[in-house]
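The data block below is my_file20.cif; it holds mmCIF, C-alpha atoms and all ligand atoms.
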data_work
loop_
_atom_site.label_atom_id
_atom_site.label_comp_id
_atom_site.auth_asym_id
_atom_site.auth_seq_id
_atom_site.Cartn_x
_atom_site.Cartn_y
_atom_site.Cartn_z
CA MET A 1 0.84 -28.65 -1.77
CA SER A 2 -0.91 -25.47 -0.71
CA LEU A 3 -1.16 -22.10 0.99
CA GLU A 4 -2.58 -22.19 4.49
CA ILE A 5 -3.39 -19.52 7.11
CA ILE A 6 -3.05 -20.23 10.80
CA PRO A 7 -4.25 -17.42 13.11
CA VAL A 8 -2.30 -17.66 16.36
CA GLY A 9 -3.37 -14.50 18.18
CA GLY A 10 -5.56 -11.44 17.72
CA TYR A 11 -8.50 -13.20 16.09
CA SER A 12 -10.42 -14.00 19.27
CA GLU A 13 -9.26 -10.97 21.26
CA ILE A 14 -7.68 -7.51 20.89
CA GLY A 15 -3.94 -8.01 21.24
CA ARG A 16 -1.12 -10.58 20.92
CA ASN A 17 -1.35 -10.31 17.13
CA CYS A 18 0.26 -13.24 15.40
CA THR A 19 -0.48 -15.05 12.14
CA ILE A 20 1.36 -17.89 10.42
CA LEU A 21 1.21 -18.50 6.68
CA LYS A 22 2.25 -21.94 5.50
CA VAL A 23 3.45 -22.31 1.92
CA ASP A 24 3.98 -26.02 1.17
CA ASP A 25 6.67 -27.08 3.62
CA GLU A 26 7.78 -23.56 4.56
CA ALA A 27 6.15 -20.96 6.81
CA VAL A 28 6.40 -17.29 7.78
CA VAL A 29 5.27 -15.59 10.99
CA LEU A 30 3.55 -12.20 10.68
CA ASP A 31 3.80 -10.21 13.93
CA MET A 32 4.23 -11.64 17.40
CA GLY A 33 2.65 -9.31 19.91
CA LEU A 34 1.68 -8.98 23.55
CA HIS A 35 -1.81 -8.90 24.98
CA MET A 36 -1.19 -5.61 26.78
CA ASP A 37 -3.84 -5.94 29.51
CA ASN A 38 -2.79 -9.45 30.46
CA TYR A 39 0.89 -8.47 30.29
CA ILE A 40 0.46 -5.41 32.55
CA SER A 41 -1.62 -7.40 35.09
CA TYR A 42 1.10 -10.06 35.16
CA GLN A 43 3.82 -7.41 35.65
CA GLU A 44 1.89 -6.00 38.61
CA ILE A 45 1.61 -9.47 40.17
CA LEU A 46 5.38 -9.94 39.75
CA GLU A 47 6.12 -6.62 41.44
CA ASN A 48 4.09 -7.61 44.45
CA THR A 49 5.57 -11.13 44.71
CA PRO A 50 9.15 -11.20 46.04
CA ASN A 51 11.59 -13.57 44.28
CA LYS A 52 9.21 -14.31 41.41
CA ARG A 53 10.67 -13.77 37.95
CA MET A 54 9.02 -13.40 34.57
CA SER A 55 8.77 -16.71 32.71
CA VAL A 56 7.58 -17.63 29.22
CA LYS A 57 5.47 -20.41 30.72
CA GLU A 58 3.62 -17.94 32.96
CA LEU A 59 3.31 -15.37 30.17
CA ARG A 60 1.62 -18.07 28.11
CA ARG A 61 -0.59 -19.20 31.00
CA VAL A 62 -1.91 -15.68 31.64
CA GLY A 63 -2.55 -15.14 27.91
CA ALA A 64 0.03 -12.36 27.52
CA ILE A 65 1.81 -13.96 24.52
CA PRO A 66 0.69 -16.12 21.56
CA ASN A 67 0.44 -19.78 22.52
CA LEU A 68 2.96 -21.53 20.27
CA LYS A 69 2.15 -24.94 21.78
CA GLU A 70 -0.87 -25.00 19.50
CA VAL A 71 1.36 -24.64 16.42
CA LYS A 72 4.37 -26.71 17.52
CA ASP A 73 4.45 -28.64 14.24
CA LEU A 74 4.99 -25.41 12.27
CA ILE A 75 7.93 -23.97 14.23
CA PRO A 76 10.69 -25.90 12.36
CA LYS A 77 9.18 -24.80 9.03
CA VAL A 78 9.36 -21.05 9.80
CA LYS A 79 11.85 -19.25 7.52
CA GLY A 80 11.36 -15.73 8.84
CA ILE A 81 9.48 -13.59 11.37
CA PHE A 82 8.08 -10.39 9.82
CA ALA A 83 6.85 -7.47 11.89
CA THR A 84 4.56 -4.75 10.51
CA HIS A 85 5.28 -1.98 13.03
CA ALA A 86 6.73 -1.11 16.41
CA HIS A 87 3.66 -1.39 18.66
CA LEU A 88 4.06 -3.91 21.46
CA ASP A 89 0.82 -5.70 20.61
CA HIS A 90 2.63 -6.60 17.34
CA ILE A 91 6.28 -7.06 18.37
CA GLY A 92 6.29 -7.31 22.18
CA ALA A 93 6.31 -11.13 22.30
CA ILE A 94 9.26 -11.45 19.89
CA PRO A 95 11.92 -11.11 22.65
CA PHE A 96 10.25 -13.92 24.63
CA LEU A 97 9.54 -16.35 21.77
CA ALA A 98 12.01 -15.72 18.94
CA SER A 99 14.67 -18.03 20.41
CA LYS A 100 12.33 -20.95 19.61
CA PHE A 101 12.76 -20.14 15.90
CA ASN A 102 15.90 -20.72 13.89
CA CYS A 103 15.40 -17.68 11.66
CA ASP A 104 15.90 -13.91 11.33
CA ILE A 105 13.50 -11.10 12.27
CA HIS A 106 12.60 -8.71 9.43
CA ALA A 107 10.98 -5.27 9.65
CA SER A 108 11.33 -1.62 8.70
CA LYS A 109 14.21 0.39 10.17
CA PHE A 110 12.30 2.04 13.05
CA THR A 111 10.71 -1.27 14.11
CA ILE A 112 14.15 -2.91 14.10
CA GLU A 113 15.59 -0.09 16.25
CA VAL A 114 12.79 -0.59 18.79
CA LEU A 115 13.42 -4.36 18.73
CA ARG A 116 17.10 -3.65 19.43
CA THR A 117 16.17 -1.84 22.64
CA LEU A 118 13.88 -4.74 23.62
CA ALA A 119 16.74 -7.18 22.96
CA LYS A 120 18.85 -5.37 25.57
CA GLU A 121 16.22 -6.30 28.16
CA ASN A 122 16.09 -10.00 27.21
CA LYS A 123 19.34 -11.91 26.91
CA ASN A 124 17.75 -14.98 25.26
CA PHE A 125 16.72 -12.92 22.26
CA LYS A 126 19.62 -13.31 19.83
CA ASN A 127 18.00 -13.72 16.40
CA LYS A 128 19.49 -11.55 13.69
CA LEU A 129 17.53 -8.33 13.08
CA VAL A 130 17.21 -7.32 9.43
CA ALA A 131 16.01 -3.82 8.50
CA HIS A 132 14.19 -3.30 5.18
CA LYS A 133 13.42 -0.12 3.27
CA LEU A 134 9.81 0.95 2.81
CA ASN A 135 8.32 -0.20 -0.50
CA SER A 136 11.07 -2.78 -0.99
CA THR A 137 10.91 -6.48 -1.85
CA PHE A 138 12.92 -9.30 -0.31
CA LYS A 139 13.35 -12.85 -1.60
CA LEU A 140 13.04 -15.18 1.38
CA SER A 141 13.18 -18.50 -0.46
CA LYS A 142 12.56 -20.00 -3.89
CA LYS A 143 8.84 -19.86 -3.27
CA ILE A 144 8.38 -16.84 -0.99
CA LYS A 145 8.94 -13.15 -1.73
CA ILE A 146 8.09 -10.48 0.84
CA GLU A 147 7.14 -6.88 0.09
CA PHE A 148 7.16 -4.14 2.76
CA ILE A 149 4.67 -1.47 1.69
CA ASN A 150 4.59 1.96 3.34
CA MET A 151 1.40 2.43 5.39
CA THR A 152 0.16 5.15 7.72
CA HIS A 153 -0.66 4.37 11.35
CA SER A 154 0.33 5.91 14.71
CA THR A 155 3.99 4.94 14.74
CA PRO A 156 6.63 5.52 12.04
CA HIS A 157 7.64 3.07 9.31
CA THR A 158 4.44 1.03 9.56
CA THR A 159 4.17 -1.46 6.72
CA MET A 160 1.62 -3.62 5.00
CA ILE A 161 3.42 -6.90 4.42
CA VAL A 162 2.70 -8.79 1.21
CA VAL A 163 3.66 -12.46 1.05
CA HIS A 164 4.03 -13.49 -2.60
CA THR A 165 3.74 -17.26 -3.13
CA PRO A 166 3.19 -19.59 -6.10
CA TYR A 167 -0.45 -19.82 -4.93
CA GLY A 168 -1.06 -16.06 -4.93
CA SER A 169 -0.25 -13.04 -2.78
CA VAL A 170 -1.46 -12.43 0.76
CA CYS A 171 -1.64 -8.82 2.00
CA TYR A 172 -1.34 -8.35 5.76
CA ALA A 173 -2.64 -4.86 6.69
CA ASN A 174 -2.50 -4.98 10.47
CA ASP A 175 -2.55 -2.06 11.61
CA PHE A 176 -3.31 0.79 9.21
CA LYS A 177 -5.28 3.83 8.22
CA LEU A 178 -5.11 5.60 4.85
CA ASP A 179 -3.87 9.09 5.78
CA LYS A 180 -3.34 11.42 2.84
CA ASP A 181 -1.69 14.09 4.98
CA PRO A 182 0.53 12.45 7.62
CA VAL A 183 2.62 14.77 9.80
CA LEU A 184 5.67 12.52 9.45
CA GLY A 185 6.69 10.21 6.61
CA ASN A 186 5.00 9.67 3.26
CA LYS A 187 1.36 9.01 2.57
CA PRO A 188 0.57 5.53 1.23
CA ASP A 189 1.21 5.25 -2.51
CA LEU A 190 -2.17 4.12 -3.84
CA LYS A 191 -0.60 3.19 -7.19
CA ILE A 192 1.19 0.33 -5.43
CA PHE A 193 -2.09 -1.00 -4.04
CA LYS A 194 -3.72 -0.71 -7.47
CA ARG A 195 -0.80 -2.54 -9.05
CA LEU A 196 -1.22 -5.38 -6.53
CA GLY A 197 -4.97 -5.41 -7.19
CA ARG A 198 -4.43 -5.67 -10.94
CA LYS A 199 -2.03 -8.59 -10.54
CA GLY A 200 -4.53 -10.33 -8.25
CA VAL A 201 -4.54 -10.63 -4.48
CA LYS A 202 -5.42 -14.03 -3.05
CA ALA A 203 -6.26 -12.79 0.47
CA LEU A 204 -6.28 -9.65 2.58
CA ILE A 205 -5.84 -9.87 6.34
CA ILE A 206 -7.23 -6.58 7.63
CA ASP A 207 -7.10 -4.59 10.91
CA SER A 208 -10.77 -4.41 11.91
CA LEU A 209 -10.55 -2.71 15.31
CA TYR A 210 -12.81 0.22 14.36
CA ALA A 211 -14.96 -1.52 11.75
CA LYS A 212 -18.04 -0.31 13.63
CA LYS A 213 -17.13 3.35 13.01
CA ASP A 214 -18.89 4.44 9.85
CA GLU A 215 -16.45 7.19 8.86
CA LYS A 216 -13.00 7.84 7.46
CA THR A 217 -10.41 8.08 10.24
CA PRO A 218 -9.23 11.71 10.29
CA SER A 219 -5.68 12.57 9.27
CA GLU A 220 -2.94 13.07 11.87
CA SER A 221 -2.69 16.66 10.57
CA LYS A 222 -6.05 17.30 12.30
CA VAL A 223 -4.31 16.95 15.68
CA LYS A 224 -1.79 19.56 14.57
CA GLU A 225 -4.71 21.93 13.98
CA MET A 226 -6.32 20.99 17.32
CA ILE A 227 -3.11 21.80 19.21
CA LYS A 228 -2.64 25.07 17.30
CA ASN A 229 -6.20 26.07 18.21
CA LEU A 230 -5.66 25.12 21.83
CA ILE A 231 -2.63 27.41 22.02
CA PHE A 232 -4.52 30.24 20.29
CA GLU A 233 -7.61 29.95 22.48
CA ASN A 234 -5.98 29.53 25.89
CA ASP A 235 -3.56 31.61 27.87
CA PHE A 236 -1.09 29.25 29.46
CA SER A 237 1.33 31.97 30.57
CA GLY A 238 2.62 31.75 34.11
CA LYS A 239 1.24 28.23 34.49
CA ALA A 240 2.53 24.69 34.12
CA LEU A 241 1.79 22.98 30.81
CA ILE A 242 1.93 19.19 30.76
CA ILE A 243 1.04 16.96 27.80
CA THR A 244 0.68 13.21 27.93
CA THR A 245 0.57 10.95 24.87
CA PHE A 246 1.77 7.67 23.34
CA ALA A 247 5.58 7.40 23.42
CA SER A 248 5.66 5.45 20.14
CA HIS A 249 3.67 8.14 18.31
CA ILE A 250 6.64 10.08 16.90
CA ALA A 251 4.49 12.22 14.54
CA ARG A 252 2.42 13.37 17.53
CA LEU A 253 5.58 14.12 19.52
CA LYS A 254 6.87 16.20 16.61
CA THR A 255 3.67 18.29 16.68
CA ILE A 256 3.95 18.72 20.46
CA VAL A 257 7.66 19.70 20.34
CA GLU A 258 6.84 22.31 17.67
CA ALA A 259 4.05 23.65 19.90
CA GLY A 260 6.53 23.92 22.78
CA ARG A 261 8.90 25.91 20.58
CA SER A 262 6.16 28.27 19.44
CA LEU A 263 5.30 28.89 23.10
CA LYS A 264 9.02 29.46 23.79
CA ARG A 265 8.98 26.78 26.46
CA GLU A 266 11.79 24.31 27.06
CA VAL A 267 10.63 20.83 26.05
CA VAL A 268 11.27 18.02 28.55
CA PHE A 269 10.37 14.38 27.87
CA ILE A 270 9.82 12.49 31.11
CA GLY A 271 9.50 8.69 31.20
CA ARG A 272 11.52 5.66 30.15
CA SER A 273 9.40 4.80 27.13
CA PHE A 274 10.06 8.22 25.59
CA ASP A 275 13.76 7.49 25.77
CA LYS A 276 13.19 4.16 23.98
CA TYR A 277 11.09 5.47 21.09
CA VAL A 278 12.62 8.93 20.66
CA THR A 279 16.09 7.34 20.50
CA ALA A 280 14.84 4.71 18.02
CA ALA A 281 13.44 7.50 15.79
CA LYS A 282 16.81 9.25 15.89
CA ASP A 283 18.78 6.05 15.19
CA ALA A 284 16.45 5.14 12.33
CA GLY A 285 17.19 8.54 10.76
CA ILE A 286 13.55 9.66 10.97
CA ILE A 287 13.75 12.71 13.25
CA ASP A 288 15.88 13.93 16.13
CA LEU A 289 13.43 15.22 18.73
CA THR A 290 16.17 15.50 21.35
CA GLN A 291 17.66 18.63 19.73
CA GLY A 292 16.94 21.47 22.12
CA ALA A 293 14.93 19.14 24.36
CA THR A 294 15.77 17.22 27.54
CA LEU A 295 15.11 13.51 28.08
CA ILE A 296 14.65 12.26 31.63
CA LYS A 297 14.21 8.54 32.10
CA TYR A 298 15.23 7.32 35.55
CA SER A 299 13.01 7.70 38.63
CA SER A 300 15.68 9.44 40.71
CA GLN A 301 16.32 11.96 37.88
CA VAL A 302 12.58 12.65 37.56
CA ARG A 303 12.20 13.39 41.25
CA ARG A 304 15.28 15.62 41.27
CA PHE A 305 14.26 17.53 38.14
CA LEU A 306 10.71 18.20 39.30
CA LYS A 307 11.89 19.25 42.78
CA LYS A 308 14.49 21.66 41.38
CA MET A 309 12.13 23.23 38.88
CA THR A 310 11.48 26.68 40.32
CA ASP A 311 9.42 28.11 37.46
CA PRO A 312 7.22 25.45 35.75
CA SER A 313 5.87 28.04 33.31
CA LYS A 314 9.18 27.93 31.43
CA TYR A 315 8.67 24.30 30.41
CA LEU A 316 6.48 22.05 28.32
CA LEU A 317 6.54 18.67 30.05
CA ILE A 318 5.75 15.64 27.86
CA VAL A 319 5.00 12.77 30.20
CA THR A 320 3.86 9.13 30.18
CA GLY A 321 0.66 8.02 31.89
CA HIS A 322 -2.15 9.02 29.51
CA GLN A 323 -4.22 5.99 30.49
CA GLY A 324 -3.66 6.66 34.21
CA GLU A 325 -1.30 3.67 34.56
CA ALA A 326 -0.15 3.75 38.20
CA ARG A 327 3.59 3.31 37.55
CA SER A 328 3.91 6.00 34.89
CA ILE A 329 4.83 9.65 35.32
CA LEU A 330 1.59 11.66 35.33
CA PRO A 331 -0.19 9.51 37.97
CA ARG A 332 2.99 9.61 40.07
CA MET A 333 3.12 13.40 39.74
CA VAL A 334 -0.46 13.49 41.00
CA TYR A 335 -0.60 10.76 43.66
CA LYS A 336 3.01 10.62 44.87
CA GLU A 337 3.21 14.40 44.80
CA LEU A 338 6.28 14.48 42.58
CA PHE A 339 4.93 17.79 41.37
CA ASP A 340 3.26 20.61 43.26
CA PHE A 341 0.19 21.33 41.10
CA GLN A 342 -1.18 24.89 41.39
CA GLU A 343 -4.62 26.20 40.52
CA GLY A 344 -4.78 26.96 36.80
CA ASP A 345 -1.99 24.57 35.76
CA ASN A 346 -2.79 22.69 32.54
CA VAL A 347 -2.79 19.02 31.55
CA ILE A 348 -3.49 18.02 27.95
CA PHE A 349 -4.43 14.42 27.18
CA SER A 350 -3.35 13.83 23.57
CA CYS A 351 -4.97 10.41 23.49
CA SER A 352 -8.30 8.72 23.92
CA VAL A 353 -9.08 6.31 26.73
CA ILE A 354 -8.51 2.78 25.46
CA PRO A 355 -11.89 1.29 26.39
CA VAL A 356 -10.99 -1.48 28.82
CA PRO A 357 -12.33 -1.37 32.40
CA THR A 358 -8.92 -0.80 34.08
CA ASN A 359 -8.10 2.21 31.90
CA ILE A 360 -11.56 3.75 32.24
CA GLU A 361 -11.35 3.47 36.03
CA ASN A 362 -7.72 4.73 36.21
CA ARG A 363 -8.46 7.75 34.04
CA GLU A 364 -11.64 8.68 35.93
CA LYS A 365 -9.63 8.66 39.16
CA LEU A 366 -6.81 10.72 37.64
CA ASP A 367 -9.17 13.30 36.07
CA TYR A 368 -11.00 13.61 39.42
CA GLU A 369 -7.76 14.24 41.35
CA LEU A 370 -6.54 16.82 38.82
CA LYS A 371 -9.85 18.66 38.95
CA ARG A 372 -9.75 18.56 42.74
CA LYS A 373 -6.39 20.33 42.53
CA LYS A 374 -8.10 22.89 40.24
CA VAL A 375 -5.92 21.89 37.29
CA LYS A 376 -7.43 22.62 33.85
CA ILE A 377 -7.64 19.47 31.76
CA PHE A 378 -8.05 19.14 28.00
CA THR A 379 -9.05 15.68 26.78
CA ASP A 380 -9.25 13.76 23.48
CA ILE A 381 -6.77 15.96 21.58
CA HIS A 382 -6.34 12.92 19.40
CA VAL A 383 -7.24 11.02 16.25
CA SER A 384 -6.87 7.27 15.94
CA GLY A 385 -4.22 5.46 13.91
CA HIS A 386 -6.66 2.68 13.06
CA ALA A 387 -8.83 2.38 9.97
CA SER A 388 -12.56 3.07 10.15
CA ARG A 389 -15.08 1.61 7.73
CA LYS A 390 -14.36 4.08 4.91
CA ASP A 391 -10.64 3.19 5.06
CA HIS A 392 -11.55 -0.52 5.00
CA GLU A 393 -13.76 0.07 2.00
CA GLN A 394 -11.03 2.00 0.18
CA LEU A 395 -8.35 -0.63 0.80
CA ILE A 396 -10.64 -3.50 -0.25
CA ASP A 397 -11.60 -1.54 -3.34
CA LEU A 398 -7.95 -0.93 -4.30
CA LEU A 399 -6.76 -4.49 -3.70
CA ARG A 400 -9.93 -6.38 -4.67
CA PRO A 401 -8.75 -9.50 -2.81
CA GLU A 402 -10.34 -12.86 -3.56
CA ILE A 403 -10.70 -13.60 0.16
CA ILE A 404 -11.01 -11.18 3.12
CA ILE A 405 -9.85 -12.19 6.60
CA PRO A 406 -10.72 -9.64 9.33
CA SER A 407 -8.39 -9.53 12.34
CA HIS A 408 -7.44 -7.47 15.45
CA ALA A 409 -10.86 -7.60 17.10
CA GLU A 410 -13.46 -9.75 18.77
CA LYS A 411 -15.89 -11.76 16.67
CA GLU A 412 -18.74 -9.24 16.77
CA THR A 413 -16.51 -6.52 15.27
CA LEU A 414 -14.92 -8.92 12.75
CA GLN A 415 -18.44 -9.53 11.43
CA GLU A 416 -18.76 -5.83 10.56
CA ILE A 417 -16.12 -6.38 7.86
CA GLU A 418 -18.20 -9.29 6.57
CA LYS A 419 -21.24 -6.96 6.29
CA LEU A 420 -19.13 -4.34 4.50
CA ALA A 421 -17.69 -6.89 2.05
CA ILE A 422 -21.19 -8.23 1.24
CA SER A 423 -22.34 -4.64 0.57
CA MET A 424 -19.39 -4.34 -1.85
CA GLY A 425 -20.55 -7.40 -3.80
CA TYR A 426 -18.59 -10.18 -2.08
CA ASP A 427 -20.16 -13.58 -1.39
CA LYS A 428 -20.40 -14.42 2.31
CA ASP A 429 -18.11 -17.44 1.87
CA LYS A 430 -15.31 -15.16 0.65
CA VAL A 431 -15.00 -13.56 4.09
CA LEU A 432 -13.32 -15.83 6.61
CA ILE A 433 -14.14 -15.05 10.23
CA MET A 434 -11.50 -17.11 11.97
CA GLY A 435 -10.68 -17.80 15.60
CA ASN A 436 -7.20 -18.43 17.01
CA TYR A 437 -5.61 -21.75 15.93
CA GLU A 438 -8.23 -22.50 13.22
CA ARG A 439 -6.35 -23.59 10.11
CA ARG A 440 -7.68 -22.87 6.65
CA LYS A 441 -6.38 -23.61 3.17
CA LEU A 442 -6.65 -20.54 0.95
ZN ZN B 501 -0.53 -0.53 15.99
#
The structure given in the file should be rewritten as structure tokens.
Amino acid sequence: MSLEIIPVGGYSEIGRNCTILKVDDEAVVLDMGLHMDNYISYQEILENTPNKRMSVKELRRVGAIPNLKEVKDLIPKVKGIFATHAHLDHIGAIPFLASKFNCDIHASKFTIEVLRTLAKENKNFKNKLVAHKLNSTFKLSKKIKIEFINMTHSTPHTTMIVVHTPYGSVCYANDFKLDKDPVLGNKPDLKIFKRLGRKGVKALIIDSLYAKKDEKTPSESKVKEMIKNLIFENDFSGKALIITTFASHIARLKTIVEAGRSLKREVVFIGRSFDKYVTAAKDAGIIDLTQGATLIKYSSQVRRFLKKMTDPSKYLLIVTGHQGEARSILPRMVYKELFDFQEGDNVIFSCSVIPVPTNIENREKLDYELKRKKVKIFTDIHVSGHASRKDHEQLIDLLRPEIIIPSHAEKETLQEIEKLAISMGYDKDKVLIMGNYERRKL
């Protein structure tokens, strides 16, 4: 009889986050995400291969989803799938794999609304979706209680999930940052973390993506200031103003919509993913960004709208394509000439380049083309949603877990958390650097 951790994805790579916790003869799944690079490459192959359809077998073969074959014995034991937040590297594999589990999917309201839209695209995904309030507790079985704790990240209703078991509590903080001044939603309630710490935390599974950054991740309110300054320092009048950012980042979109209003420009969201996330935010009762704004999602509508637009200086266009992804709106505006760029038009990148070779190359190409058209570009109007080392230190200090398990990075970065923990007085054997499918009793 015991508590066991089984990393399924996200411990040997960045992406397809998935962890199983086994409590005696029961188990829970924490997140079930996509490996975004592998998924996008596979999608591109499908588009160029007539009559080929997406299959779970192929998704597994190309490494786009967690490989459940390695944990086949655990599937019948799973009593619930719990998702921390709405990013696809945490929930994107659920529609493909959930039908293998005879259980419900649990998450916060916004995450559930996003899952509902994903369910429309996959008819095999029929598991019941259960929405939970932030900072609420749910009794899953006699032995397992689940707590959804409000966390800050770059999408609303992000949670740290705590699995309470007879063998101790496991905190799953994947992804997070500790933002004391978020633009949307409440800041994390540190008293809750302290309370958990006092009661005793068996293990902490921690988002380690930026463990190499020796700083505190700045607050989302910094971006609000950056955008305010940009508007103050630049004269955009008479010119097009286009902003590209993450569709799931509702707080960022709120800041951008407010900027559009202050400039007295009509706000237009262009791109299918905006429709998905902006609608989910409205349905979850978080914010209605569609009031006074237009949402354009279908290709034919986009073409028509951009063609008919006689005076671009009246609009603030919020578009997809910040990483230069070929099929999204901004690259299509540039390469497919959906939009007639004029000298002095403005493009703001409210993002950073996600450092993988494809994105770096795509963005360099896009920046070059925009500059060639004499468009002014503003880059890195962004702060990350992921913890840096000072956030890691603060969370470890509040929870004082017995065991620390770094996740969401490659081995070299996971080891940075080990170094940090040792500097905080932990013994080396209390930090578990695990690879996918390694099973450990806690
Ligand atoms: Zn995330």
request  = Counting all atoms listed in the file, write as number ranges by chain all protein and nucleic acid residues lying at most 10 Å from (3.9, -15.9, 21.6) in the file's frame.
outcome  = A: 8-9, 16-18, 31-35, 56, 59-60, 63-69, 91-98
Distance criterion (all atoms listed in the file): nearest to Lys430 (chain A) out of A:Arg327, A:Lys373, A:Arg261, A:Lys202 =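 Using all atoms listed in the file, Lys430 (chain A) sits closest to A:Lys202.
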task = May I ask which of the residues A:Ser273, A:Thr111, A:Thr155, A:Thr413 is the closest one to ligand ZN 501 (chain B), counting all atoms listed in the file?
result = A:Thr155
task = Tell me which protein, DNA and RNA residues are within 10 Å of Lys411 (chain A), counting all atoms listed in the file, leaving out same-chain ones fewer than 6 positions away, and put them as a ChimeraX atom specification.
result = /A:11-13,433-435
If you take all atoms listed in the file and a cut-off of 7 Å, which residues of chain A touch ligand ZN 501 (chain B), and what are their nearest atom pairs and distances in Å to one decimal, in chain and number order, as CSV?
residue,atom,partner,partner_atom,distance
A:His85,CA,B:ZN501,ZN,6.7
A:His87,CA,B:ZN501,ZN,5.0
A:His90,CA,B:ZN501,ZN,7.0
A:His153,CA,B:ZN501,ZN,6.7
A:Ser154,CA,B:ZN501,ZN,6.6
A:Asp175,CA,B:ZN501,ZN,5.1
